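Colleague: Attaching a single structure in structure tokens format; questions to follow.
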Amino acid sequence: MKINGNNLTIEDVVKVVRENRIVSMDRECYPQLGKSRKTVEKMSKGEKSVYGINTGFGEFANIKIKEKDLIQLQVNLLRSHACGVGNPLDDEAVKAAMLLRVNTLLKGYSGVRVELIQKLTELFNKNVIPYIPEKGSLGASGDLVPLAHLSLMLIGEGKGYFNGELMEAKQCLKSAKIEPLELIEKEGLALINGTPIMAAISCFACYDAEILLKAAEIACAMSIEALLGTDTFLYEKIHAVRNIAGQINSAKNLRSLMKNSQIVESHKDCSNVQDSYSLRCSPQVMGMFHETLGFTKNIVNSEINSSCDNPLVFDDNIYSGGNFHGEPIAQAMDFFAISLSEIGNISERRIFRYQDGNLSGLPSCLIKDNGLNNGFMITQYVAASLVSENKILCHPASVDSIPSAANQEDHVSMGTISARKSVKVVENVRDIIAIELLNASQALDFRKPLKPGVGSKRAYKFLRENLEIPFIEKDLAFADYIKTISSNIENLVDYVEEAEKLTV
């Protein structure tokens, strides 16, 4: 894929990284890169103090650096800022961050050489993955700490992975046949100022959540049918008069999934007037995540094609600003996590109903010989635990700020924390939906010979035939089944979409 600073999408980032695609730089970017670099070189030799080029950083911004020390200044910046802690970021996030850093620098406002971007691109294409501890970023001046760890690899310092093996950076470069780079004025700062870590993590959260939302609607449709819910609450005009697009789409998807359901048709004239909220209000709850996801994707798509460095080069001059501040990502991902957690919350309520025979009209805990057998009882416990964990994770990181750099950097975003915890919420909700799918498929067996709607039937077939999830006759360990379903959520969605196209 050829990148130019403006053409990446969330899907591009995920596909390029997960499919190990090769990327190249658009040569049409080179004139702007050369122009900006000349401006940096001119100003680095002048008398005027220019932040990060011939001055110190943060609290030391007013200290002028001697011309003979300007190269060392950039190296010192990387070394001093590489102090992250915790487990390493996963390879996907690191590679995506490298890709986003290349894309940002290609816009031509950071004042770095073409050679630096080429070297970073070479690292990416040869699958050299810097070792980056996951904790330490305040989200302003962007992702300083993790990006310092990433950038050390360019100069042959720090650690990284090559062919899956952790080794010293020099050995990584040697194994990949890459020469280390000597940084010059501003390049160290341009490498570590900005938001590519939080933006990279957010790309995967958004991509995976879009698939998960479809799976949640599939699981919900199966549960509405298995729990003998009515479909009257999906009547188009109900949702049209509220006029929220996400809700309208979610209701439409549920109608599509439940089309031609013999189960729904079988109790059209029953005495039940209204279903519980976990069934009846599902389009309102899931529809809100349609809306939230759209908003979040717009922010993230903008951010991955932005110049989030500081200072920036325009019109033969250099300007200090605040584009490194991670507030857009921080707030978007906080909102994302809150909204997605509600998908898991309402799913758990449906899982709960399966365990109570008085609510479901099915054998308690979905097992015939209950008492001797516990059935699906504890699967609800697991879902409840995940829901509770999500409530902790959904405390918004963006409302917190701790001043740093002697109050020069007196407001920070905590955007990387927002992104990291959002990924955990995605993982938890995926497992909750897997548990609902497991319960729903068992429940649908009890409704035979009546058949569910076309989408639900397709999902049921995938679980029983493709994943070989059996009807449960007696107690066994469910953990492997839950894991199998959770890890095949995307495959399940693809299988159902072959018959019924969903829209997010």
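Chain labels A, B, ... are given in the sequence in which chains occur in the structure tokens; within each chain residues are numbered consecutively from 1, and ligands are likewise numbered from 1 in the order shown.
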Got a sec to tell me which of segment 43-279 of chain A DSSP assigns to helix (DSSP H, G or I), as a ChimeraX atom specification?
Modeller: /A:43-44,58-60,67-81,91-106,114-125,144-155,169-175,187-192,196-226,232-234,236-240,245-257,262-266,277-279
Colleague: Would you list the contacts of Ala190 of chain A as a VMD selection string, taking every protein, DNA or RNA residue within 9 Å and counting only C-alpha atoms, but skipping same-chain residues closer than 2 positions in sequence?
Modeller: chain A and resid 105 110 to 112 186 to 188 192 to 194 309 to 311
Colleague: Excluding segment 462-466 of chain A and any residue of its chain fewer than 4 positions from it, enumerate the residues within 7 Å of it, using only C-alpha atoms, and give them as a PDB file with N, CA and C atoms, in the first residue's frame.
Modeller:
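Dumped to part_18.pdb:
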ATOM      1  N   ARG A 458     -29.011 -19.421  10.766  1.00  0.00           N
ATOM      2  CA  ARG A 458     -27.666 -19.465  10.190  1.00  0.00           C
ATOM      3  C   ARG A 458     -26.599 -19.450  11.298  1.00  0.00           C
ATOM      4  N   PRO A 470     -21.801 -28.660  20.919  1.00  0.00           N
ATOM      5  CA  PRO A 470     -22.912 -29.622  20.984  1.00  0.00           C
ATOM      6  C   PRO A 470     -24.057 -29.145  21.871  1.00  0.00           C
ATOM      7  N   LEU A 492     -18.270 -16.042  12.535  1.00  0.00           N
ATOM      8  CA  LEU A 492     -19.717 -16.200  12.691  1.00  0.00           C
ATOM      9  C   LEU A 492     -20.466 -15.095  11.960  1.00  0.00           C
TER      10      LEU A 492
END
Colleague: Which residues, written as a ChimeraX atom specification, have at least one atom at most 12 Å from Ile155 of chain A, with only C-alpha atoms counted and residues fewer than 6 positions away on the same chain left out?
Modeller: /A:74-76,78-79,116,119-120,123,130,148-149,168-173,178-184,187-188,191
Colleague: Between atom CA of Ile263 of chain A and atom CA of Ile472 of chain A, what is the distance in Å, rounded to a tenth?
Modeller: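 Computing it gives 21.1 Å between the two atoms.
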Colleague: For each of A:Lys45, A:Lys237, A:His325, A:Arg280, take the minimum atom-to-atom distance to Ser401 of chain A, counting only C-alpha atoms, then give the residue where this is smallest.
Modeller: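 Looking only at the distances to Ser401 of chain A, the closest residue turns out to be A:His325.
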Colleague: Write out as a list in words each polymer residue whose atoms come within 12 Å of Ile469 of chain A, counting only C-alpha atoms; drop sequence neighbours fewer than 3 positions from it.
Modeller: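 Selected residues are Ala434, Leu437, Leu438, Asn439, Ala440, Ser441, Gln442, Ala459, Tyr460, Lys461, Phe462, Leu463, Arg464, Glu465, Asn466, Ile472, Phe478, Ala479, Asp480, Tyr481, Ile482, Lys483, Thr484 and Ile485 of chain A.
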Colleague: For Ala205 of chain A, which of A:Glu47, A:Val285, A:Val300, A:Val454 is the closest residue, counting only C-alpha atoms?
Modeller: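 Using only C-alpha atoms, Ala205 of chain A sits closest to A:Val300.
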Colleague: Using DSSP secondary structure from the backbone, list all strand (DSSP E or B) positions within segment 274-453 of chain A, as a list of chain:residue names.
Modeller: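 Here is the list: A:Leu312, A:Val313, A:Phe314, A:Asn317, A:Ile318, A:Tyr319, A:Asn370, A:Asn373, A:Ser404, A:Glu409.
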Colleague: Calculate how many Å separate atom CA of Lys259 of chain A from atom CA of Gly453 of chain A, rounding to one decimal.
Modeller: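 If I compute the distance from atom CA of Lys259 of chain A to atom CA of Gly453 of chain A, I get 4.8 Å.
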